[in-house]
file my_file10.txt (compact mmCIF, C-alpha atoms)
# COMPACT_ATOMS: atom_id res chain seq x y z
CA MET M 1 -34.66 -70.39 42.66
CA PHE M 2 -36.47 -68.25 45.22
CA THR M 3 -36.33 -69.45 48.81
CA LEU M 4 -39.45 -69.54 50.96
CA THR M 5 -38.15 -66.54 52.92
CA SER M 6 -37.59 -64.42 49.83
CA ALA M 7 -40.95 -65.44 48.40
CA LEU M 8 -42.75 -64.33 51.56
CA ALA M 9 -40.86 -61.02 51.58
CA LEU M 10 -41.64 -60.34 47.93
CA SER M 11 -45.33 -61.07 48.39
CA VAL M 12 -45.50 -57.52 49.73
CA ALA M 13 -42.50 -55.81 48.15
CA CYS M 14 -43.06 -56.88 44.54
CA ARG M 15 -46.17 -54.77 44.21
CA PRO M 16 -45.48 -52.18 41.50
CA ALA M 17 -44.06 -48.94 42.88
CA PRO M 18 -45.71 -45.66 41.89
CA PRO M 19 -44.32 -44.12 38.70
CA ALA M 20 -41.80 -41.35 39.13
CA ASN M 21 -42.79 -37.74 38.70
CA PRO M 22 -41.62 -36.56 35.24
CA ALA M 23 -39.43 -33.93 36.88
CA PHE M 24 -37.56 -36.70 38.71
CA ASP M 25 -37.07 -38.70 35.51
CA GLU M 26 -35.73 -35.68 33.69
CA ALA M 27 -33.38 -34.77 36.55
CA ALA M 28 -32.00 -38.32 36.85
CA ALA M 29 -31.32 -38.49 33.11
CA PHE M 30 -29.84 -34.98 33.17
CA ALA M 31 -27.46 -35.99 35.97
CA LEU M 32 -26.18 -38.88 33.87
CA THR M 33 -25.80 -37.00 30.60
CA SER M 34 -24.05 -34.06 32.31
CA PHE M 35 -21.84 -36.13 34.63
CA ASP M 36 -18.62 -35.65 32.67
CA GLU M 37 -19.15 -32.03 31.61
CA VAL M 38 -16.25 -29.75 32.50
CA ASP M 39 -18.60 -27.10 33.90
CA PRO M 40 -20.58 -28.74 36.76
CA VAL M 41 -23.43 -26.23 36.68
CA ASN M 42 -25.79 -28.67 34.92
CA LEU M 43 -24.93 -31.50 37.31
CA ALA M 44 -25.58 -29.24 40.30
CA PHE M 45 -28.95 -28.28 38.83
CA ALA M 46 -29.82 -31.98 38.36
CA ALA M 47 -28.80 -32.87 41.92
CA ARG M 48 -30.93 -30.06 43.38
CA ALA M 49 -33.89 -31.12 41.23
CA ILE M 50 -33.60 -34.73 42.44
CA GLU M 51 -33.39 -33.54 46.04
CA ALA M 52 -36.41 -31.25 45.70
CA GLN M 53 -38.52 -33.93 44.06
CA VAL M 54 -37.64 -36.60 46.62
CA LEU M 55 -38.34 -34.31 49.57
CA GLU M 56 -41.63 -33.19 48.03
CA ASP M 57 -42.90 -36.55 46.83
CA ILE M 58 -41.53 -39.19 49.21
CA ASP M 59 -42.13 -39.89 52.89
CA LEU M 60 -38.61 -40.75 54.00
CA GLU M 61 -39.99 -42.23 57.22
CA GLY M 62 -42.18 -44.62 55.24
CA GLY M 63 -41.64 -48.25 54.36
CA LEU M 64 -39.54 -49.51 51.49
CA LEU M 65 -42.36 -49.51 48.95
CA ASP M 66 -43.32 -45.97 49.99
CA ARG M 67 -39.76 -44.82 49.26
CA SER M 68 -39.52 -46.59 45.93
CA ARG M 69 -40.46 -45.28 42.51
CA THR M 70 -40.48 -46.63 38.96
CA PRO M 71 -38.52 -44.24 36.74
CA GLU M 72 -39.06 -44.02 33.02
CA ALA M 73 -37.16 -46.37 30.74
CA MET M 74 -33.47 -45.83 30.05
CA SER M 75 -33.10 -44.06 26.72
CA GLU M 76 -30.52 -44.55 23.99
CA GLU M 77 -29.33 -40.97 24.52
CA THR M 78 -28.78 -41.42 28.25
CA ALA M 79 -27.16 -44.85 27.87
CA SER M 80 -24.73 -43.41 25.31
CA SER M 81 -23.44 -40.96 27.94
CA PHE M 82 -21.69 -43.86 29.73
CA PRO M 83 -18.10 -44.57 28.62
CA ALA M 84 -18.75 -48.10 27.28
CA VAL M 85 -21.81 -50.32 27.52
CA PRO M 86 -23.10 -53.57 25.98
CA GLU M 87 -24.71 -53.32 22.55
CA ARG M 88 -28.24 -53.83 23.83
CA ASP M 89 -31.51 -51.95 23.64
CA PRO M 90 -31.46 -49.91 26.91
CA THR M 91 -35.26 -49.67 26.93
CA LEU M 92 -35.28 -53.38 27.89
CA CYS M 93 -33.92 -52.48 31.33
CA LEU M 94 -36.21 -52.69 34.37
CA PRO M 95 -36.12 -49.36 36.26
CA VAL M 96 -36.26 -49.11 40.07
CA SER M 97 -35.36 -46.28 42.44
CA VAL M 98 -35.24 -46.06 46.23
CA ALA M 99 -34.71 -43.06 48.53
CA HIS M 100 -33.28 -43.32 52.03
CA LEU M 101 -32.44 -40.90 54.84
CA SER M 102 -29.17 -41.87 56.51
CA ALA M 103 -28.45 -40.70 60.04
CA TRP M 104 -24.77 -40.27 59.16
CA PRO M 105 -23.00 -37.27 57.59
CA LEU M 106 -21.75 -37.14 54.03
CA ALA M 107 -18.09 -37.29 55.09
CA ASP M 108 -18.66 -40.77 56.52
CA HIS M 109 -20.23 -41.94 53.27
CA VAL M 110 -17.20 -40.68 51.36
CA VAL M 111 -15.03 -42.98 53.49
CA VAL M 112 -17.33 -45.89 52.66
CA GLN M 113 -17.05 -45.26 48.94
CA GLN M 114 -13.25 -45.44 49.11
CA LEU M 115 -13.01 -48.78 50.93
CA ALA M 116 -10.83 -51.23 49.01
CA ASP M 117 -12.99 -54.09 50.31
CA GLN M 118 -16.62 -53.26 49.58
CA ARG M 119 -18.03 -56.55 50.91
CA PRO M 120 -19.17 -55.11 54.26
CA ILE M 121 -21.48 -52.68 52.46
CA GLU M 122 -22.66 -54.97 49.65
CA PRO M 123 -24.89 -57.71 51.13
CA ALA M 124 -25.16 -59.55 47.79
CA SER M 125 -21.36 -59.71 47.37
CA LYS M 126 -20.08 -61.35 50.54
CA ASP M 127 -17.38 -63.37 48.77
CA LYS M 128 -15.83 -60.70 46.57
CA TYR M 129 -16.22 -56.99 45.94
CA ASP M 130 -12.92 -55.21 45.36
CA ARG M 131 -12.70 -51.48 44.69
CA ILE M 132 -9.73 -50.46 42.59
CA ILE M 133 -9.38 -46.67 42.52
CA LEU M 134 -8.24 -45.53 39.10
CA GLU M 135 -8.32 -41.79 39.74
CA GLY M 136 -8.69 -39.59 42.82
CA ALA M 137 -7.34 -41.87 45.55
CA ASP M 138 -5.25 -39.17 47.25
CA CYS M 139 -7.35 -36.10 46.62
CA PHE M 140 -11.05 -36.98 46.49
CA ALA M 141 -11.89 -37.09 50.21
CA SER M 142 -10.41 -33.62 50.72
CA ARG M 143 -12.15 -32.28 47.59
CA ASP M 144 -8.79 -31.33 46.11
CA CYS M 145 -10.07 -33.15 43.03
CA GLU M 146 -13.64 -33.58 41.82
CA LEU M 147 -13.64 -37.15 40.51
CA LEU M 148 -13.22 -40.64 41.90
CA ARG M 149 -13.11 -43.30 39.19
CA THR M 150 -13.18 -46.97 40.16
CA GLU M 151 -13.11 -50.50 38.77
CA ASN M 152 -14.94 -53.14 40.81
CA PRO M 153 -14.42 -56.87 40.24
CA LEU M 154 -17.16 -58.64 42.19
CA ILE M 155 -19.29 -61.72 42.65
CA LYS M 156 -23.01 -61.05 42.95
CA ASP M 157 -24.88 -63.83 44.71
CA ASN M 158 -28.58 -63.59 45.53
CA SER M 159 -31.76 -65.63 45.21
CA VAL M 160 -31.79 -65.45 41.39
CA MET M 161 -28.14 -65.29 40.27
CA THR M 162 -24.47 -65.93 40.97
CA LEU M 163 -22.30 -63.84 38.64
CA ASP M 164 -18.62 -62.90 38.51
CA TYR M 165 -18.15 -59.62 36.63
CA THR M 166 -16.76 -56.08 36.73
CA LEU M 167 -18.75 -52.98 37.62
CA TRP M 168 -17.44 -49.51 36.81
CA LYS M 169 -18.31 -46.67 39.15
CA ASP M 170 -17.50 -42.94 39.14
CA LEU M 171 -18.28 -40.34 41.79
CA ARG M 172 -18.13 -36.57 41.52
CA TRP M 173 -18.31 -33.74 44.01
CA VAL M 174 -20.86 -31.10 43.08
CA ASP M 175 -21.41 -27.69 44.64
CA LEU M 176 -25.13 -27.30 45.27
CA GLY M 177 -24.69 -23.54 45.57
CA LEU M 178 -23.93 -23.11 41.88
CA PRO M 179 -26.53 -21.03 39.99
CA ASP M 180 -29.09 -22.47 37.61
CA PRO M 181 -27.68 -23.00 34.10
CA ALA M 182 -30.02 -20.34 32.70
CA ASP M 183 -28.42 -17.76 35.02
CA VAL M 184 -24.89 -18.32 33.72
CA PRO M 185 -24.03 -16.03 30.78
CA GLU M 186 -23.00 -17.85 27.62
CA GLY M 187 -19.27 -18.44 27.48
CA GLU M 188 -18.78 -17.99 31.24
CA THR M 189 -18.17 -20.62 33.92
CA ALA M 190 -20.03 -20.35 37.21
CA GLU M 191 -17.88 -19.84 40.29
CA THR M 192 -17.92 -22.39 43.09
CA THR M 193 -19.51 -21.12 46.30
CA GLY M 194 -18.36 -23.97 48.55
CA GLU M 195 -21.44 -23.56 50.73
CA ARG M 196 -22.97 -27.02 50.37
CA TRP M 197 -21.50 -30.05 48.65
CA ALA M 198 -23.08 -33.28 47.47
CA LEU M 199 -21.94 -36.44 45.73
CA VAL M 200 -23.29 -37.77 42.46
CA GLY M 201 -22.34 -41.26 41.32
CA ARG M 202 -22.92 -43.39 38.27
CA SER M 203 -22.22 -47.08 37.65
CA TRP M 204 -22.43 -49.38 34.66
CA ILE M 205 -21.15 -52.61 33.16
CA SER M 206 -19.19 -52.52 29.91
CA GLU M 207 -19.90 -56.17 29.08
CA SER M 208 -22.86 -58.41 29.80
CA ALA M 209 -22.46 -60.63 32.87
CA GLU M 210 -23.68 -63.99 31.59
CA ALA M 211 -24.22 -67.04 33.77
CA THR M 212 -21.96 -69.98 32.93
CA GLU M 213 -24.03 -72.68 34.65
CA GLY M 214 -27.61 -71.62 34.20
CA GLY M 215 -29.46 -69.08 36.27
CA ALA M 216 -29.86 -65.39 35.56
CA SER M 217 -27.58 -63.08 33.56
CA ILE M 218 -27.27 -59.30 33.75
CA MET M 219 -27.17 -58.14 30.14
CA GLN M 220 -26.83 -54.41 30.93
CA SER M 221 -26.95 -52.21 33.99
CA TYR M 222 -26.88 -48.46 34.68
CA SER M 223 -27.34 -46.46 37.85
CA VAL M 224 -27.28 -42.94 39.23
CA GLU M 225 -26.81 -42.20 42.93
CA VAL M 226 -26.87 -39.02 44.98
CA TRP M 227 -25.70 -38.23 48.50
CA LEU M 228 -27.17 -34.92 49.66
CA PRO M 229 -26.42 -33.37 53.09
CA GLN M 230 -29.45 -32.58 55.23
CA GLU M 231 -30.04 -30.84 58.55
CA GLY M 232 -28.65 -32.50 61.64
CA GLU M 233 -25.77 -34.12 59.70
CA GLN M 234 -28.12 -36.54 57.99
CA THR M 235 -27.59 -37.56 54.37
CA LEU M 236 -30.33 -38.06 51.81
CA ARG M 237 -29.50 -40.98 49.54
CA MET M 238 -31.21 -41.95 46.31
CA MET M 239 -30.30 -44.68 43.86
CA ALA M 240 -32.01 -45.28 40.53
CA LEU M 241 -31.06 -48.52 38.81
CA TRP M 242 -31.87 -49.72 35.31
CA SER M 243 -30.91 -53.33 34.57
CA GLU M 244 -31.81 -56.05 32.09
CA THR M 245 -31.88 -59.51 33.65
CA VAL M 246 -32.32 -62.57 31.42
CA PHE M 247 -33.19 -66.00 32.81
CA GLU M 248 -32.15 -69.33 31.33
CA ASN M 249 -34.81 -70.63 28.94
CA GLY M 250 -36.86 -67.57 29.82
CA ASP M 251 -37.95 -69.37 32.97
CA GLY M 252 -37.75 -66.86 35.79
CA PRO M 253 -39.84 -64.72 38.10
CA GLY M 254 -41.93 -61.92 36.62
CA GLU M 255 -40.91 -58.29 36.46
CA ASP M 256 -42.67 -57.43 39.72
CA ALA M 257 -40.65 -60.07 41.58
CA VAL M 258 -37.40 -58.91 39.98
CA ALA M 259 -38.23 -55.31 40.87
CA GLY M 260 -38.94 -56.41 44.43
CA THR M 261 -35.59 -58.19 44.66
CA THR M 262 -33.84 -55.10 43.25
CA ARG M 263 -35.65 -52.85 45.71
CA TYR M 264 -34.56 -55.00 48.64
CA GLY M 265 -31.03 -55.08 47.26
CA ILE M 266 -30.77 -51.29 47.10
CA GLN M 267 -32.14 -50.91 50.63
CA GLY M 268 -29.69 -53.55 51.79
CA ILE M 269 -26.82 -51.44 50.44
CA PHE M 270 -28.14 -48.36 52.25
CA ASP M 271 -28.56 -50.24 55.53
CA ALA M 272 -25.15 -51.93 55.30
CA ALA M 273 -23.40 -48.59 54.79
CA ASP M 274 -25.19 -47.11 57.81
CA ASP M 275 -24.30 -50.16 59.91
CA TRP M 276 -20.63 -50.02 58.88
CA ILE M 277 -20.41 -46.32 59.77
CA GLU M 278 -22.05 -46.94 63.13
CA GLU M 279 -19.55 -49.72 63.91
CA GLN M 280 -16.68 -47.28 63.37
CA GLU M 281 -18.00 -44.80 65.93
call {"tool": "encode", "arguments": {"input": "my_file10.txt", "output": "structure tokens"}}
result
Amino acid sequence: MFTLTSALALSVACRPAPPANPAFDEAAAFALTSFDEVDPVNLAFAARAIEAQVLEDIDLEGGLLDRSRTPEAMSEETASSFPAVPERDPTLCLPVSVAHLSAWPLADHVVVQQLADQRPIEPASKDKYDRIILEGADCFASRDCELLRTENPLIKDNSVMTLDYTLWKDLRWVDLGLPDPADVPEGETAETTGERWALVGRSWISESAEATEGGASIMQSYSVEVWLPQEGEQTLRMMALWSETVFENGDGPGEDAVAGTTRYGIQGIFDAADDWIEEQE
């Protein structure tokens, strides 16, 4: 049940966000479908396209609603690019994205992503959020390997749900200096320039997280994240999240309220990461 505080907050934030520019939708989907490709040239193209669209379309100094967009629905094709997902119709997911300009450099955010205890940077998971690194523990931070693959047992507790489940999350380094895919001759692999690096992440659940004692369940969830270095050691962050939330007996807040809660949740993650980095200085 919503508290009075959350209801007052959502009275502003649950207004529908503007739809995403088609170029942004295409780039976000392209980042997901190309995430595991051996040649990263397509992923680099997608990351640059996301960056360009965010910088062109969004006032990063604006309020939360100004920095939020409503991407197009998750497609069957894009959902199938994840390793394993629930057998659900992905178009039932509610899409939300938020952009944020962090004052801290990318290297600090890499440290955050490798914390074994993720609770300090996940406001909705104060009781449990473990990060088990499956691949890349000893080589990812130094870029001696491209991939960090993780398993994340967690408890999500907010105004509409308390769920104990596992989230899977992968991160990949991508060289933003790689050429456009169209400029790479067929059969050749583009060479890394090493001039400017970014992170692209994806997360998903492989099984629905269903409530055992009433409340809301997360039937499916997908996300794409980017961390893009900016001038002055700042980092541009963007997270797009598609999730299907089902309420017991169908009795829950409307989509605008759920989108508002999701929007606040994403911003909370951004703020918590910035606060944790600042505390380490």
call {"tool": "closest_residue", "arguments": {"input": "my_file10.txt", "among": "M:Glu77, M:Glu225, M:Asp57, M:Asp164", "to": "Thr33 (chain M)", "atoms": "only C-alpha atoms"}}
result
M:Glu77
call {"tool": "atom_distance", "arguments": {"input": "my_file10.txt", "atom1": "CA of Trp168 (chain M)", "atom2": "CA of Pro83 (chain M)"}}
result
9.6 Å
call {"tool": "residues_around", "arguments": {"input": "my_file10.txt", "residues": "Trp197 (chain M)", "least_positions_apart": "5", "cutoff": "6 Å", "atoms": "all atoms listed in the file", "output": "PyMOL selection string"}}
result
chain M and resi 174-176
call {"tool": "residues_around", "arguments": {"input": "my_file10.txt", "residues": "region 265-275 of chain M", "least_positions_apart": "3", "cutoff": "8 Å", "atoms": "all atoms listed in the file", "output": "list in words"}}
result
Leu64, Val98, His100, Ser102, Ala103, Trp104, His109, Val112, Pro120, Ile121, Glu122, Pro123, Ala124, Arg237, Met239, Thr261, Thr262, Glu278 and Glu279 of chain M
call {"tool": "write_last_selection", "arguments": {"input": "my_file10.txt", "atoms": "C-alpha atoms", "output": "JSON list (two decimals), in the coordinates of the input"}}
result
[["chain", "number", "residue", "atom", "x", "y", "z"],
["M", 64, "LEU", "CA", -39.54, -49.51, 51.49],
["M", 98, "VAL", "CA", -35.24, -46.06, 46.23],
["M", 100, "HIS", "CA", -33.28, -43.32, 52.03],
["M", 102, "SER", "CA", -29.17, -41.87, 56.51],
["M", 103, "ALA", "CA", -28.45, -40.70, 60.04],
["M", 104, "TRP", "CA", -24.77, -40.27, 59.16],
["M", 109, "HIS", "CA", -20.23, -41.94, 53.27],
["M", 112, "VAL", "CA", -17.33, -45.89, 52.66],
["M", 120, "PRO", "CA", -19.17, -55.11, 54.26],
["M", 121, "ILE", "CA", -21.48, -52.68, 52.46],
["M", 122, "GLU", "CA", -22.66, -54.97, 49.65],
["M", 123, "PRO", "CA", -24.89, -57.71, 51.13],
["M", 124, "ALA", "CA", -25.16, -59.55, 47.79],
["M", 237, "ARG", "CA", -29.50, -40.98, 49.54],
["M", 239, "MET", "CA", -30.30, -44.68, 43.86],
["M", 261, "THR", "CA", -35.59, -58.19, 44.66],
["M", 262, "THR", "CA", -33.84, -55.10, 43.25],
["M", 278, "GLU", "CA", -22.05, -46.94, 63.13],
["M", 279, "GLU", "CA", -19.55, -49.72, 63.91]]
call {"tool": "atom_distance", "arguments": {"input": "my_file10.txt", "atom1": "CA of Ser206 (chain M)", "atom2": "CA of Ser221 (chain M)"}}
result
8.8 Å
call {"tool": "closest_residue", "arguments": {"input": "my_file10.txt", "among": "M:Ile155, M:Ala116, M:Ala107, M:Ala52", "to": "Lys128 (chain M)", "atoms": "only C-alpha atoms"}}
result
M:Ile155
call {"tool": "build_atoms", "arguments": {"input": "my_file10.txt", "residues": "region 53-79 of chain M", "atoms": "N, CA and C atoms", "output": "PDB file, in the frame of the given file"}}
result
ATOM      1  N   GLN M  53     -37.435 -33.016  44.398  1.00  0.00           N
ATOM      2  CA  GLN M  53     -38.520 -33.930  44.060  1.00  0.00           C
ATOM      3  C   GLN M  53     -38.674 -35.021  45.110  1.00  0.00           C
ATOM      4  N   VAL M  54     -37.563 -35.565  45.589  1.00  0.00           N
ATOM      5  CA  VAL M  54     -37.640 -36.600  46.620  1.00  0.00           C
ATOM      6  C   VAL M  54     -38.260 -36.048  47.887  1.00  0.00           C
ATOM      7  N   LEU M  55     -37.807 -34.885  48.334  1.00  0.00           N
ATOM      8  CA  LEU M  55     -38.340 -34.310  49.570  1.00  0.00           C
ATOM      9  C   LEU M  55     -39.803 -33.938  49.446  1.00  0.00           C
ATOM     10  N   GLU M  56     -40.239 -33.567  48.243  1.00  0.00           N
ATOM     11  CA  GLU M  56     -41.630 -33.190  48.030  1.00  0.00           C
ATOM     12  C   GLU M  56     -42.547 -34.398  47.893  1.00  0.00           C
ATOM     13  N   ASP M  57     -42.038 -35.449  47.271  1.00  0.00           N
ATOM     14  CA  ASP M  57     -42.900 -36.550  46.830  1.00  0.00           C
ATOM     15  C   ASP M  57     -42.822 -37.791  47.704  1.00  0.00           C
ATOM     16  N   ILE M  58     -41.761 -37.933  48.508  1.00  0.00           N
ATOM     17  CA  ILE M  58     -41.530 -39.190  49.210  1.00  0.00           C
ATOM     18  C   ILE M  58     -41.490 -38.978  50.721  1.00  0.00           C
ATOM     19  N   ASP M  59     -42.180 -39.869  51.436  1.00  0.00           N
ATOM     20  CA  ASP M  59     -42.130 -39.890  52.890  1.00  0.00           C
ATOM     21  C   ASP M  59     -40.916 -40.720  53.293  1.00  0.00           C
ATOM     22  N   LEU M  60     -39.855 -40.056  53.694  1.00  0.00           N
ATOM     23  CA  LEU M  60     -38.610 -40.750  54.000  1.00  0.00           C
ATOM     24  C   LEU M  60     -38.699 -41.576  55.280  1.00  0.00           C
ATOM     25  N   GLU M  61     -39.757 -41.400  56.043  1.00  0.00           N
ATOM     26  CA  GLU M  61     -39.990 -42.230  57.220  1.00  0.00           C
ATOM     27  C   GLU M  61     -40.844 -43.444  56.882  1.00  0.00           C
ATOM     28  N   GLY M  62     -41.294 -43.539  55.645  1.00  0.00           N
ATOM     29  CA  GLY M  62     -42.180 -44.620  55.240  1.00  0.00           C
ATOM     30  C   GLY M  62     -41.435 -45.919  54.984  1.00  0.00           C
ATOM     31  N   GLY M  63     -42.218 -46.955  54.663  1.00  0.00           N
ATOM     32  CA  GLY M  63     -41.640 -48.250  54.360  1.00  0.00           C
ATOM     33  C   GLY M  63     -40.938 -48.265  53.020  1.00  0.00           C
ATOM     34  N   LEU M  64     -40.341 -49.402  52.709  1.00  0.00           N
ATOM     35  CA  LEU M  64     -39.540 -49.510  51.490  1.00  0.00           C
ATOM     36  C   LEU M  64     -40.357 -49.197  50.246  1.00  0.00           C
ATOM     37  N   LEU M  65     -41.542 -49.748  50.139  1.00  0.00           N
ATOM     38  CA  LEU M  65     -42.360 -49.510  48.950  1.00  0.00           C
ATOM     39  C   LEU M  65     -42.749 -48.032  48.844  1.00  0.00           C
ATOM     40  N   ASP M  66     -42.972 -47.393  49.989  1.00  0.00           N
ATOM     41  CA  ASP M  66     -43.320 -45.970  49.990  1.00  0.00           C
ATOM     42  C   ASP M  66     -42.167 -45.102  49.493  1.00  0.00           C
ATOM     43  N   ARG M  67     -40.943 -45.586  49.663  1.00  0.00           N
ATOM     44  CA  ARG M  67     -39.760 -44.820  49.260  1.00  0.00           C
ATOM     45  C   ARG M  67     -39.226 -45.240  47.897  1.00  0.00           C
ATOM     46  N   SER M  68     -39.948 -46.107  47.232  1.00  0.00           N
ATOM     47  CA  SER M  68     -39.520 -46.590  45.930  1.00  0.00           C
ATOM     48  C   SER M  68     -40.369 -45.973  44.828  1.00  0.00           C
ATOM     49  N   ARG M  69     -39.753 -45.774  43.679  1.00  0.00           N
ATOM     50  CA  ARG M  69     -40.460 -45.280  42.510  1.00  0.00           C
ATOM     51  C   ARG M  69     -40.023 -46.082  41.282  1.00  0.00           C
ATOM     52  N   THR M  70     -40.810 -45.987  40.227  1.00  0.00           N
ATOM     53  CA  THR M  70     -40.480 -46.630  38.960  1.00  0.00           C
ATOM     54  C   THR M  70     -40.157 -45.555  37.940  1.00  0.00           C
ATOM     55  N   PRO M  71     -38.890 -45.262  37.727  1.00  0.00           N
ATOM     56  CA  PRO M  71     -38.520 -44.240  36.740  1.00  0.00           C
ATOM     57  C   PRO M  71     -38.900 -44.648  35.333  1.00  0.00           C
ATOM     58  N   GLU M  72     -38.837 -43.706  34.419  1.00  0.00           N
ATOM     59  CA  GLU M  72     -39.060 -44.020  33.020  1.00  0.00           C
ATOM     60  C   GLU M  72     -37.920 -44.870  32.484  1.00  0.00           C
ATOM     61  N   ALA M  73     -38.144 -45.476  31.342  1.00  0.00           N
ATOM     62  CA  ALA M  73     -37.160 -46.370  30.740  1.00  0.00           C
ATOM     63  C   ALA M  73     -35.859 -45.635  30.433  1.00  0.00           C
ATOM     64  N   MET M  74     -34.752 -46.377  30.482  1.00  0.00           N
ATOM     65  CA  MET M  74     -33.470 -45.830  30.050  1.00  0.00           C
ATOM     66  C   MET M  74     -33.518 -45.578  28.548  1.00  0.00           C
ATOM     67  N   SER M  75     -33.060 -44.414  28.132  1.00  0.00           N
ATOM     68  CA  SER M  75     -33.100 -44.060  26.720  1.00  0.00           C
ATOM     69  C   SER M  75     -31.755 -44.320  26.059  1.00  0.00           C
ATOM     70  N   GLU M  76     -31.765 -44.394  24.746  1.00  0.00           N
ATOM     71  CA  GLU M  76     -30.520 -44.550  23.990  1.00  0.00           C
ATOM     72  C   GLU M  76     -29.584 -43.367  24.258  1.00  0.00           C
ATOM     73  N   GLU M  77     -30.152 -42.169  24.307  1.00  0.00           N
ATOM     74  CA  GLU M  77     -29.330 -40.970  24.520  1.00  0.00           C
ATOM     75  C   GLU M  77     -28.638 -41.025  25.870  1.00  0.00           C
ATOM     76  N   THR M  78     -29.379 -41.386  26.930  1.00  0.00           N
ATOM     77  CA  THR M  78     -28.780 -41.420  28.250  1.00  0.00           C
ATOM     78  C   THR M  78     -27.775 -42.555  28.370  1.00  0.00           C
ATOM     79  N   ALA M  79     -28.088 -43.724  27.823  1.00  0.00           N
ATOM     80  CA  ALA M  79     -27.160 -44.850  27.870  1.00  0.00           C
ATOM     81  C   ALA M  79     -25.851 -44.522  27.161  1.00  0.00           C
TER      82      ALA M  79
END
